[in-house]
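A.B. asks: Dumping the structure here so I can ask a few things about it.
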Amino acid sequence: MIGIDVALVACGFASVLSAYRIVVGPTPADRAVASDLLTFALVALVALIGLRAESTATLDLVLVATLVAFLSSVSLARALTRGWR
């Protein structure tokens, strides 16, 4: 349980830092990377809380949230490059 608590603190710290980068980020690319990090840090927080509470229902939520986050990061990258490959 100590490892889960340490991981919760680390994910919380990463969330705060990425939220700061979203607000202060000098370029849209910095904001996009920070929002991607924030999304995955929040998904990790949900997964860790589910592990700590010994709930199997949160794993379904984590799976769906990870797929949505991946698709949103791909579409955001596509929008930043204006469709260029």
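The chains in the structure tokens are called A, B, ... from first to last as shown; in each chain the residues are counted from 1, and the ligands are counted from 1 in the order shown.
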Pull the alpha helix (DSSP H) assignments for chain A out of DSSP run on the backbone, and list those residues as JSON, numbers by chain.
C.D. replies: {"A": [2, 3, 4, 5, 6, 7, 8, 9, 10, 11, 12, 13, 14, 15, 16, 17, 18, 19, 20, 21, 22, 23, 24, 28, 29, 30, 31, 32, 33, 34, 35, 36, 37, 38, 39, 40, 41, 42, 43, 44, 45, 46, 47, 48, 49, 50, 51, 52, 57, 58, 59, 60, 61, 62, 63, 64, 65, 66, 67, 68, 69, 70, 71, 72, 73, 74, 75, 76, 77, 78, 79, 80]}
A.B. asks: Find the residues around Ser73 (chain A) up to 12 Å (only C-alpha atoms counted), leave out those fewer than 6 positions away in its own chain, and share them as JSON, numbers by chain.
C.D. replies: {"A": [29, 31, 32, 33, 34, 35, 36, 37, 38, 39, 40, 66, 67, 79, 80]}
A.B. asks: Name the residues in contact with Ala7 (chain A) at a cut-off of 9 Å, using only C-alpha atoms, excluding same-chain residues fewer than 4 positions from it; report them as a list in words.
C.D. replies: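 Counting only the stated atoms, we get Ile2, Gly3, Cys11, Gly12, Ala44, Leu45 and Leu48 of chain A.
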A.B. asks: Mind writing the picked residues with N, CA and C atoms as a short mmCIF file (atom, residue, chain, number, x, y, z; two decimals), in the first residue's frame?
C.D. replies:
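The file below, selection_22.cif, is the result:
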```cif
data_model
loop_
_atom_site.label_atom_id
_atom_site.label_comp_id
_atom_site.auth_asym_id
_atom_site.auth_seq_id
_atom_site.Cartn_x
_atom_site.Cartn_y
_atom_site.Cartn_z
N ILE A 2 2.06 1.19 0.51
CA ILE A 2 2.92 2.37 0.53
C ILE A 2 3.30 2.77 -0.90
N GLY A 3 3.53 1.78 -1.75
CA GLY A 3 3.86 2.07 -3.14
C GLY A 3 2.72 2.78 -3.86
N CYS A 11 1.54 11.22 -9.04
CA CYS A 11 0.57 11.57 -10.08
C CYS A 11 -0.12 12.89 -9.76
N GLY A 12 -0.39 13.13 -8.50
CA GLY A 12 -0.96 14.42 -8.11
C GLY A 12 -0.01 15.57 -8.39
N ALA A 44 -4.34 7.76 -14.44
CA ALA A 44 -3.52 6.99 -13.51
C ALA A 44 -4.01 7.15 -12.08
N LEU A 45 -4.45 8.36 -11.73
CA LEU A 45 -5.01 8.58 -10.39
C LEU A 45 -6.26 7.73 -10.18
N LEU A 48 -5.14 4.11 -9.72
CA LEU A 48 -4.53 3.88 -8.41
C LEU A 48 -5.56 3.92 -7.28
#
```
A.B. asks: Any idea what's packed within 9 Å of Leu51 (chain A), counting only C-alpha atoms, ignoring anything in its chain fewer than 6 positions away? Could you give it as a VMD selection string?
C.D. replies: chain A and resid 4 58 to 59
A.B. asks: Save out the residues we just selected, N, CA, C and O atoms, as a PDB file, in the first residue's frame.
C.D. replies:
```
ATOM      1  N   ILE A   4       1.498   2.365  -3.580  1.00  0.00           N
ATOM      2  CA  ILE A   4       0.337   3.011  -4.196  1.00  0.00           C
ATOM      3  C   ILE A   4       0.209   4.443  -3.697  1.00  0.00           C
ATOM      4  O   ILE A   4      -0.087   5.361  -4.471  1.00  0.00           O
ATOM      5  N   THR A  58     -13.437   0.099 -11.650  1.00  0.00           N
ATOM      6  CA  THR A  58     -12.658   1.241 -12.129  1.00  0.00           C
ATOM      7  C   THR A  58     -11.754   0.864 -13.294  1.00  0.00           C
ATOM      8  O   THR A  58     -11.377   1.734 -14.076  1.00  0.00           O
ATOM      9  N   LEU A  59     -11.420  -0.397 -13.431  1.00  0.00           N
ATOM     10  CA  LEU A  59     -10.563  -0.803 -14.545  1.00  0.00           C
ATOM     11  C   LEU A  59     -11.277  -0.627 -15.879  1.00  0.00           C
ATOM     12  O   LEU A  59     -10.642  -0.279 -16.880  1.00  0.00           O
TER      13      LEU A  59
END
```
A.B. asks: Just the number, please: distance in Å from CA of Leu71 (chain A) to CA of Val43 (chain A), one decimal.
C.D. replies: 14.3 Å
A.B. asks: For CA of Ala53 (chain A) and CA of Val68 (chain A), determine how far apart the two atoms are, in Å to one decimal place.
C.D. replies: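 CA of Val68 (chain A) lies 23.9 Å from CA of Ala53 (chain A).
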